[in-house]
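Below: final22.cif (mmCIF, C-alpha atoms)
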data_work
#
loop_
_atom_site.group_PDB
_atom_site.id
_atom_site.type_symbol
_atom_site.label_atom_id
_atom_site.label_comp_id
_atom_site.auth_asym_id
_atom_site.auth_seq_id
_atom_site.Cartn_x
_atom_site.Cartn_y
_atom_site.Cartn_z
ATOM 1 C CA LYS A 27 150.213 87.365 101.375
ATOM 2 C CA GLN A 28 151.234 84.437 99.188
ATOM 3 C CA GLU A 29 154.612 82.942 100.060
ATOM 4 C CA VAL A 30 156.353 80.686 97.555
ATOM 5 C CA THR A 31 159.203 78.486 98.775
ATOM 6 C CA GLN A 32 161.526 76.386 96.674
ATOM 7 C CA ILE A 33 163.558 73.520 98.081
ATOM 8 C CA PRO A 34 166.386 72.792 97.714
ATOM 9 C CA ALA A 35 168.035 76.162 97.100
ATOM 10 C CA ALA A 36 170.900 74.461 95.278
ATOM 11 C CA LEU A 37 171.567 71.030 93.870
ATOM 12 C CA SER A 38 174.645 69.451 92.281
ATOM 13 C CA VAL A 39 174.279 66.041 90.678
ATOM 14 C CA PRO A 40 176.084 63.783 88.224
ATOM 15 C CA GLU A 41 174.739 63.458 84.718
ATOM 16 C CA GLY A 42 171.986 60.879 84.266
ATOM 17 C CA GLU A 43 170.259 61.284 87.616
ATOM 18 C CA ASN A 44 166.521 61.801 87.912
ATOM 19 C CA LEU A 45 165.737 64.957 89.877
ATOM 20 C CA VAL A 46 162.859 66.385 91.868
ATOM 21 C CA LEU A 47 162.568 70.098 92.524
ATOM 22 C CA ASN A 48 159.956 71.326 94.964
ATOM 23 C CA CYS A 49 157.766 74.415 95.100
ATOM 24 C CA SER A 50 155.375 75.092 97.971
ATOM 25 C CA PHE A 51 152.851 77.894 98.405
ATOM 26 C CA THR A 52 150.757 79.079 101.306
ATOM 27 C CA ASP A 53 147.434 79.837 99.600
ATOM 28 C CA SER A 54 145.770 76.929 97.804
ATOM 29 C CA ALA A 55 143.334 79.159 95.846
ATOM 30 C CA ILE A 56 145.605 79.440 92.839
ATOM 31 C CA TYR A 57 144.759 79.975 89.180
ATOM 32 C CA ASN A 58 147.870 78.352 87.827
ATOM 33 C CA LEU A 59 151.515 77.596 88.470
ATOM 34 C CA GLN A 60 154.292 78.055 85.952
ATOM 35 C CA TRP A 61 157.829 76.659 85.967
ATOM 36 C CA PHE A 62 160.652 78.641 84.387
ATOM 37 C CA ARG A 63 164.296 78.133 83.629
ATOM 38 C CA GLN A 64 166.803 80.978 84.001
ATOM 39 C CA ASP A 65 170.360 80.794 82.696
ATOM 40 C CA PRO A 66 172.929 83.140 84.310
ATOM 41 C CA GLY A 67 172.365 86.743 83.248
ATOM 42 C CA LYS A 68 169.479 85.770 80.995
ATOM 43 C CA GLY A 69 165.719 85.992 80.903
ATOM 44 C CA LEU A 70 163.145 83.469 82.064
ATOM 45 C CA THR A 71 162.157 80.664 79.721
ATOM 46 C CA SER A 72 158.762 79.091 80.290
ATOM 47 C CA LEU A 73 158.936 75.327 80.795
ATOM 48 C CA LEU A 74 155.492 74.212 81.899
ATOM 49 C CA LEU A 75 152.196 75.809 82.891
ATOM 50 C CA ILE A 76 149.732 73.908 85.085
ATOM 51 C CA GLN A 77 146.202 75.257 85.442
ATOM 52 C CA SER A 78 144.432 74.843 88.782
ATOM 53 C CA SER A 79 142.167 72.152 87.307
ATOM 54 C CA GLN A 80 145.128 70.038 86.170
ATOM 55 C CA ARG A 81 147.231 67.553 88.126
ATOM 56 C CA GLU A 82 150.278 67.423 85.888
ATOM 57 C CA GLN A 83 151.917 68.551 82.658
ATOM 58 C CA THR A 84 154.683 66.932 80.656
ATOM 59 C CA SER A 85 157.178 68.228 78.123
ATOM 60 C CA GLY A 86 159.937 65.922 76.994
ATOM 61 C CA ARG A 87 162.036 64.936 80.018
ATOM 62 C CA LEU A 88 160.147 67.347 82.260
ATOM 63 C CA ASN A 89 157.061 66.548 84.294
ATOM 64 C CA ALA A 90 155.373 68.974 86.663
ATOM 65 C CA SER A 91 152.682 68.002 89.140
ATOM 66 C CA LEU A 92 150.323 70.117 91.197
ATOM 67 C CA ASP A 93 148.663 69.284 94.504
ATOM 68 C CA LYS A 94 146.612 72.294 95.541
ATOM 69 C CA SER A 95 145.356 70.763 98.782
ATOM 70 C CA SER A 96 148.876 70.386 100.117
ATOM 71 C CA GLY A 97 150.153 73.570 98.455
ATOM 72 C CA ARG A 98 152.862 71.834 96.482
ATOM 73 C CA SER A 99 154.211 71.423 92.996
ATOM 74 C CA THR A 100 157.129 69.266 91.931
ATOM 75 C CA LEU A 101 159.234 69.468 88.794
ATOM 76 C CA TYR A 102 160.664 66.120 87.796
ATOM 77 C CA ILE A 103 163.661 66.087 85.437
ATOM 78 C CA ALA A 104 164.456 62.680 83.978
ATOM 79 C CA ALA A 105 167.950 61.617 82.947
ATOM 80 C CA SER A 106 169.566 64.976 83.713
ATOM 81 C CA GLN A 107 172.168 66.420 81.333
ATOM 82 C CA PRO A 108 174.828 69.137 81.755
ATOM 83 C CA GLY A 109 172.687 71.377 79.546
ATOM 84 C CA ASP A 110 169.997 71.293 82.245
ATOM 85 C CA SER A 111 172.257 73.364 84.506
ATOM 86 C CA ALA A 112 170.348 76.543 85.322
ATOM 87 C CA THR A 113 168.140 78.093 87.983
ATOM 88 C CA TYR A 114 164.579 76.766 88.051
ATOM 89 C CA LEU A 115 161.845 79.104 89.254
ATOM 90 C CA CYS A 116 158.201 78.510 90.029
ATOM 91 C CA ALA A 117 155.598 81.259 89.862
ATOM 92 C CA VAL A 118 152.151 80.980 91.427
ATOM 93 C CA ARG A 119 149.227 83.028 90.149
ATOM 94 C CA LEU A 120 146.505 83.854 92.680
ATOM 95 C CA GLY A 121 143.279 85.784 92.678
ATOM 96 C CA SER A 122 145.112 89.033 92.029
ATOM 97 C CA TYR A 123 146.354 87.384 88.827
ATOM 98 C CA ILE A 124 149.909 88.487 89.579
ATOM 99 C CA PRO A 125 152.441 85.647 89.459
ATOM 100 C CA THR A 126 154.545 85.438 92.626
ATOM 101 C CA PHE A 127 157.975 83.858 92.315
ATOM 102 C CA GLY A 128 159.986 81.635 94.572
ATOM 103 C CA ARG A 129 163.734 82.170 95.005
ATOM 104 C CA GLY A 130 164.553 79.292 92.720
ATOM 105 C CA THR A 131 166.644 76.130 92.780
ATOM 106 C CA SER A 132 170.129 76.443 91.309
ATOM 107 C CA LEU A 133 170.959 73.200 89.525
ATOM 108 C CA ILE A 134 174.375 72.017 88.376
ATOM 109 C CA VAL A 135 174.618 68.778 86.428
ATOM 110 C CA HIS A 136 178.222 67.705 86.039
ATOM 111 C CA PRO A 137 179.468 65.286 83.374
ATOM 112 C CA GLU B 10 158.283 81.791 67.408
ATOM 113 C CA PRO B 11 156.915 85.054 68.835
ATOM 114 C CA GLU B 12 158.978 86.544 71.610
ATOM 115 C CA VAL B 13 159.155 89.497 73.945
ATOM 116 C CA THR B 14 162.027 91.815 73.054
ATOM 117 C CA GLN B 15 163.687 94.339 75.354
ATOM 118 C CA THR B 16 166.088 97.215 74.800
ATOM 119 C CA PRO B 17 168.659 98.156 75.865
ATOM 120 C CA SER B 18 170.255 94.943 77.087
ATOM 121 C CA HIS B 19 172.487 96.949 79.436
ATOM 122 C CA GLN B 20 172.387 100.576 80.521
ATOM 123 C CA VAL B 21 174.774 102.396 82.811
ATOM 124 C CA THR B 22 173.594 105.696 84.257
ATOM 125 C CA GLN B 23 174.478 108.211 86.907
ATOM 126 C CA MET B 24 172.384 108.529 90.046
ATOM 127 C CA GLY B 25 169.577 111.038 89.569
ATOM 128 C CA GLN B 26 169.289 110.522 85.822
ATOM 129 C CA GLU B 27 166.127 109.416 84.053
ATOM 130 C CA VAL B 28 166.056 106.009 82.403
ATOM 131 C CA ILE B 29 163.586 104.518 79.939
ATOM 132 C CA LEU B 30 163.502 100.783 79.361
ATOM 133 C CA ARG B 31 161.659 99.521 76.316
ATOM 134 C CA CYS B 32 159.768 96.348 75.568
ATOM 135 C CA VAL B 33 157.884 94.965 72.599
ATOM 136 C CA PRO B 34 155.400 92.359 73.887
ATOM 137 C CA ILE B 35 154.092 89.474 71.802
ATOM 138 C CA SER B 36 151.705 90.989 69.286
ATOM 139 C CA ASN B 37 148.413 89.316 70.252
ATOM 140 C CA HIS B 38 148.982 89.608 74.000
ATOM 141 C CA LEU B 39 146.868 91.971 76.061
ATOM 142 C CA TYR B 40 148.481 91.950 79.513
ATOM 143 C CA PHE B 41 151.904 93.383 80.159
ATOM 144 C CA TYR B 42 154.155 93.279 83.186
ATOM 145 C CA TRP B 43 157.417 94.621 84.536
ATOM 146 C CA TYR B 44 159.418 92.625 87.042
ATOM 147 C CA ARG B 45 162.854 93.278 88.480
ATOM 148 C CA GLN B 46 165.567 91.048 89.895
ATOM 149 C CA ILE B 47 168.293 92.496 92.076
ATOM 150 C CA LEU B 48 171.471 90.457 91.768
ATOM 151 C CA GLY B 49 171.195 87.257 93.781
ATOM 152 C CA GLN B 50 167.605 87.922 94.817
ATOM 153 C CA LYS B 51 164.168 86.771 93.736
ATOM 154 C CA VAL B 52 162.147 88.050 90.802
ATOM 155 C CA GLU B 53 159.835 90.797 92.126
ATOM 156 C CA PHE B 54 156.645 92.146 90.579
ATOM 157 C CA LEU B 55 156.545 95.864 89.792
ATOM 158 C CA VAL B 56 153.448 96.602 87.723
ATOM 159 C CA SER B 57 150.868 95.127 85.380
ATOM 160 C CA PHE B 58 149.163 96.960 82.520
ATOM 161 C CA TYR B 59 145.996 96.282 80.575
ATOM 162 C CA ASN B 60 143.825 98.340 78.261
ATOM 163 C CA ASN B 61 146.157 101.320 78.527
ATOM 164 C CA GLU B 62 146.127 101.568 82.264
ATOM 165 C CA ILE B 63 147.839 100.122 85.309
ATOM 166 C CA SER B 64 145.873 97.187 86.725
ATOM 167 C CA GLU B 65 148.130 96.244 89.644
ATOM 168 C CA LYS B 66 151.289 97.638 91.189
ATOM 169 C CA SER B 67 153.529 96.668 94.055
ATOM 170 C CA GLU B 68 154.902 98.810 96.860
ATOM 171 C CA ILE B 69 158.172 98.988 94.926
ATOM 172 C CA PHE B 70 156.436 100.886 92.115
ATOM 173 C CA ASP B 71 156.449 104.336 93.713
ATOM 174 C CA ASP B 72 156.161 107.806 92.168
ATOM 175 C CA GLN B 73 159.611 107.483 90.612
ATOM 176 C CA PHE B 74 158.302 104.805 88.252
ATOM 177 C CA SER B 75 155.867 105.108 85.382
ATOM 178 C CA VAL B 76 154.763 102.931 82.486
ATOM 179 C CA GLU B 77 153.390 103.775 79.096
ATOM 180 C CA ARG B 78 152.267 102.128 75.883
ATOM 181 C CA PRO B 79 152.934 105.023 73.548
ATOM 182 C CA ASP B 80 152.240 103.524 70.145
ATOM 183 C CA GLY B 81 150.392 100.203 70.380
ATOM 184 C CA SER B 82 153.512 98.075 70.176
ATOM 185 C CA ASN B 83 156.078 99.415 72.655
ATOM 186 C CA PHE B 84 155.661 99.170 76.409
ATOM 187 C CA THR B 85 158.038 101.345 78.422
ATOM 188 C CA LEU B 86 159.184 101.636 82.016
ATOM 189 C CA LYS B 87 160.529 105.018 83.089
ATOM 190 C CA ILE B 88 162.501 105.678 86.230
ATOM 191 C CA ARG B 89 162.524 109.425 86.798
ATOM 192 C CA SER B 90 165.482 109.898 89.099
ATOM 193 C CA THR B 91 167.521 106.742 89.503
ATOM 194 C CA LYS B 92 168.960 105.643 92.832
ATOM 195 C CA LEU B 93 171.777 103.214 93.522
ATOM 196 C CA GLU B 94 169.265 100.644 94.737
ATOM 197 C CA ASP B 95 167.515 100.683 91.355
ATOM 198 C CA SER B 96 170.427 98.692 89.956
ATOM 199 C CA ALA B 97 168.870 95.419 88.850
ATOM 200 C CA MET B 98 167.751 93.356 85.895
ATOM 201 C CA TYR B 99 164.384 94.540 84.659
ATOM 202 C CA PHE B 100 162.178 92.023 82.886
ATOM 203 C CA CYS B 101 159.185 92.693 80.698
ATOM 204 C CA ALA B 102 156.558 89.974 80.319
ATOM 205 C CA SER B 103 153.284 89.533 78.492
ATOM 206 C CA SER B 104 150.371 87.120 78.447
ATOM 207 C CA ARG B 105 147.283 86.683 76.335
ATOM 208 C CA ASP B 106 144.924 86.071 79.237
ATOM 209 C CA ARG B 107 144.799 87.558 82.699
ATOM 210 C CA GLY B 108 144.164 84.541 84.905
ATOM 211 C CA THR B 109 145.059 81.472 82.913
ATOM 212 C CA GLY B 110 147.518 82.736 80.341
ATOM 213 C CA GLU B 111 151.091 81.597 80.091
ATOM 214 C CA LEU B 112 153.588 84.328 80.934
ATOM 215 C CA PHE B 113 156.394 85.019 78.453
ATOM 216 C CA PHE B 114 159.468 87.005 79.456
ATOM 217 C CA GLY B 115 162.021 89.044 77.570
ATOM 218 C CA GLU B 116 165.772 88.685 78.003
ATOM 219 C CA GLY B 117 165.889 91.613 80.392
ATOM 220 C CA SER B 118 167.565 95.003 80.621
ATOM 221 C CA ARG B 119 170.415 95.272 83.094
ATOM 222 C CA LEU B 120 170.451 98.680 84.756
ATOM 223 C CA THR B 121 173.564 99.819 86.578
ATOM 224 C CA VAL B 122 173.307 103.056 88.570
ATOM 225 C CA LEU B 123 176.624 104.643 89.566
#
Go through the file and emit its structure as structure tokens.
Amino acid sequence: KQEVTQIPAALSVPEGENLVLNCSFTDSAIYNLQWFRQDPGKGLTSLLLIQSSQREQTSGRLNASLDKSSGRSTLYIAASQPGDSATYLCAVRLGSYIPTFGRGTSLIVHP
Amino acid sequence: EPEVTQTPSHQVTQMGQEVILRCVPISNHLYFYWYRQILGQKVEFLVSFYNNEISEKSEIFDDQFSVERPDGSNFTLKIRSTKLEDSAMYFCASSRDRGTGELFFGEGSRLTVL
């Protein structure tokens, strides 16, 4: 059974810092990996989708990388802002095609 | 921009009552999902639906749950006899493709069972 782990569970940083959030998975035979943002009490907003054939994806200040051989993905947030405060979730899609979620990293960026 | 919409945003019900949660997926998407998130816990898969039938379901999705696409646009989740432990946020999601497609989520329906 696929296990998805996100480290750290929580992070509090001052505005302007560059951040790295980690997602690890136990089965390297993935179809894709998707990063989401979740604000308190809200739905999940898709940030980046990386297919298994890709190494990284970029959107604005966000960059996600994928290393299937080591079972890891990282989400890099450049020049963090208070508006980036949210929970960040990764979801890994395997052969069953069902995305499996990690518990998320709760991020607070303080001014 | 197309989005997944869910109703109601919040429903309070008594234990043992039936509840129907509704979703309108993105119009050109073919695969539909229900997930739930108990407060403070991870997002858990319930069921996936394609071509008018269930394609995958988790152990959570027991006989008390059912899904339906009654009219080609709505996608519903029914809980027949709610229990206290059904209290959670229920999310609907859709994607265009099964394996490679990006998953889009609705804002969720918060269910509170008293």
Item to check | Selection dump of the PyMOL selection byres ((chain A) within 9 of (chain B)), as a PyMOL selection string | outcome: chain A and resi 57-58+60+67-72+74-75+77-78+119-130
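Atom CA of B:Lys87 to atom CA of B:Glu27 spans 7.2 Å [interatomic distance, one decimal].
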Checklist outcome for this item: From atom CA of B:His38 to atom CA of B:Pro11 the spacing works out at 10.5 Å
Item to check | Selection dump of the PyMOL selection byres ((chain B and resi 121) around 6), as a PyMOL selection string | outcome: chain B and resi 21+96+120+122
Next on the checklist: With distances taken over all atoms listed in the file, which residue among B:Gln26, B:His19, B:Gln46, B:Pro34 lies nearest A:Gln64?
Outcome noted: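 Of all the options, B:Gln46 lies closest to A:Gln64.
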Next on the checklist: For the PyMOL selection byres ((chain A and resi 84) around 10), applied here, can you spell out every residue it catches as an MDAnalysis selection string?
Outcome noted: chainID A and resid 73:76 82:83 85:91 101:102
As AutoDock Vina command-line options, please report the centre and edge lengths, rounded to one decimal in Å, of the axis-aligned box that holds all listed atoms of stretch 57-70 of chain A with 6 Å of padding on each of the six sides.
--center_x 158.8 --center_y 81.7 --center_z 85.0 --size_x 40.2 --size_y 22.1 --size_z 20.3
Kindly add N, CA and C atoms to the incomplete stretch 76-93 of chain B and provide the output as a PDB file, keeping the file's coordinate frame.
ATOM      1  N   VAL B  76     154.806 103.792  83.662  1.00  0.00           N
ATOM      2  CA  VAL B  76     154.763 102.931  82.486  1.00  0.00           C
ATOM      3  C   VAL B  76     153.867 103.580  81.446  1.00  0.00           C
ATOM      4  N   GLU B  77     154.132 103.185  80.201  1.00  0.00           N
ATOM      5  CA  GLU B  77     153.390 103.775  79.096  1.00  0.00           C
ATOM      6  C   GLU B  77     153.395 102.806  77.926  1.00  0.00           C
ATOM      7  N   ARG B  78     152.316 102.870  77.146  1.00  0.00           N
ATOM      8  CA  ARG B  78     152.267 102.128  75.883  1.00  0.00           C
ATOM      9  C   ARG B  78     152.026 103.174  74.803  1.00  0.00           C
ATOM     10  N   PRO B  79     153.085 103.805  74.347  1.00  0.00           N
ATOM     11  CA  PRO B  79     152.934 105.023  73.548  1.00  0.00           C
ATOM     12  C   PRO B  79     152.361 104.829  72.142  1.00  0.00           C
ATOM     13  N   ASP B  80     152.574 103.634  71.562  1.00  0.00           N
ATOM     14  CA  ASP B  80     152.240 103.524  70.145  1.00  0.00           C
ATOM     15  C   ASP B  80     151.596 102.196  69.765  1.00  0.00           C
ATOM     16  N   GLY B  81     151.069 101.454  70.698  1.00  0.00           N
ATOM     17  CA  GLY B  81     150.392 100.203  70.380  1.00  0.00           C
ATOM     18  C   GLY B  81     151.297  99.012  70.230  1.00  0.00           C
ATOM     19  N   SER B  82     152.624  99.230  70.221  1.00  0.00           N
ATOM     20  CA  SER B  82     153.512  98.075  70.176  1.00  0.00           C
ATOM     21  C   SER B  82     154.540  98.117  71.295  1.00  0.00           C
ATOM     22  N   ASN B  83     155.098  99.301  71.583  1.00  0.00           N
ATOM     23  CA  ASN B  83     156.078  99.415  72.655  1.00  0.00           C
ATOM     24  C   ASN B  83     155.412  99.553  74.012  1.00  0.00           C
ATOM     25  N   PHE B  84     156.107  99.052  75.016  1.00  0.00           N
ATOM     26  CA  PHE B  84     155.661  99.170  76.409  1.00  0.00           C
ATOM     27  C   PHE B  84     156.893  99.611  77.191  1.00  0.00           C
ATOM     28  N   THR B  85     156.830 100.781  77.817  1.00  0.00           N
ATOM     29  CA  THR B  85     158.038 101.345  78.422  1.00  0.00           C
ATOM     30  C   THR B  85     157.912 101.473  79.932  1.00  0.00           C
ATOM     31  N   LEU B  86     159.057 101.377  80.585  1.00  0.00           N
ATOM     32  CA  LEU B  86     159.184 101.636  82.016  1.00  0.00           C
ATOM     33  C   LEU B  86     160.146 102.801  82.179  1.00  0.00           C
ATOM     34  N   LYS B  87     159.688 103.855  82.847  1.00  0.00           N
ATOM     35  CA  LYS B  87     160.529 105.018  83.089  1.00  0.00           C
ATOM     36  C   LYS B  87     160.832 105.130  84.571  1.00  0.00           C
ATOM     37  N   ILE B  88     162.089 105.363  84.861  1.00  0.00           N
ATOM     38  CA  ILE B  88     162.501 105.678  86.230  1.00  0.00           C
ATOM     39  C   ILE B  88     162.974 107.115  86.192  1.00  0.00           C
ATOM     40  N   ARG B  89     162.303 107.980  86.942  1.00  0.00           N
ATOM     41  CA  ARG B  89     162.524 109.425  86.798  1.00  0.00           C
ATOM     42  C   ARG B  89     163.873 109.878  87.307  1.00  0.00           C
ATOM     43  N   SER B  90     164.248 109.462  88.471  1.00  0.00           N
ATOM     44  CA  SER B  90     165.482 109.898  89.099  1.00  0.00           C
ATOM     45  C   SER B  90     166.096 108.675  89.763  1.00  0.00           C
ATOM     46  N   THR B  91     167.023 108.041  89.061  1.00  0.00           N
ATOM     47  CA  THR B  91     167.521 106.742  89.503  1.00  0.00           C
ATOM     48  C   THR B  91     168.318 106.851  90.801  1.00  0.00           C
ATOM     49  N   LYS B  92     168.202 105.784  91.595  1.00  0.00           N
ATOM     50  CA  LYS B  92     168.960 105.643  92.832  1.00  0.00           C
ATOM     51  C   LYS B  92     169.866 104.428  92.701  1.00  0.00           C
ATOM     52  N   LEU B  93     170.861 104.357  93.574  1.00  0.00           N
ATOM     53  CA  LEU B  93     171.777 103.214  93.522  1.00  0.00           C
ATOM     54  C   LEU B  93     171.025 101.892  93.632  1.00  0.00           C
TER      55      LEU B  93
END
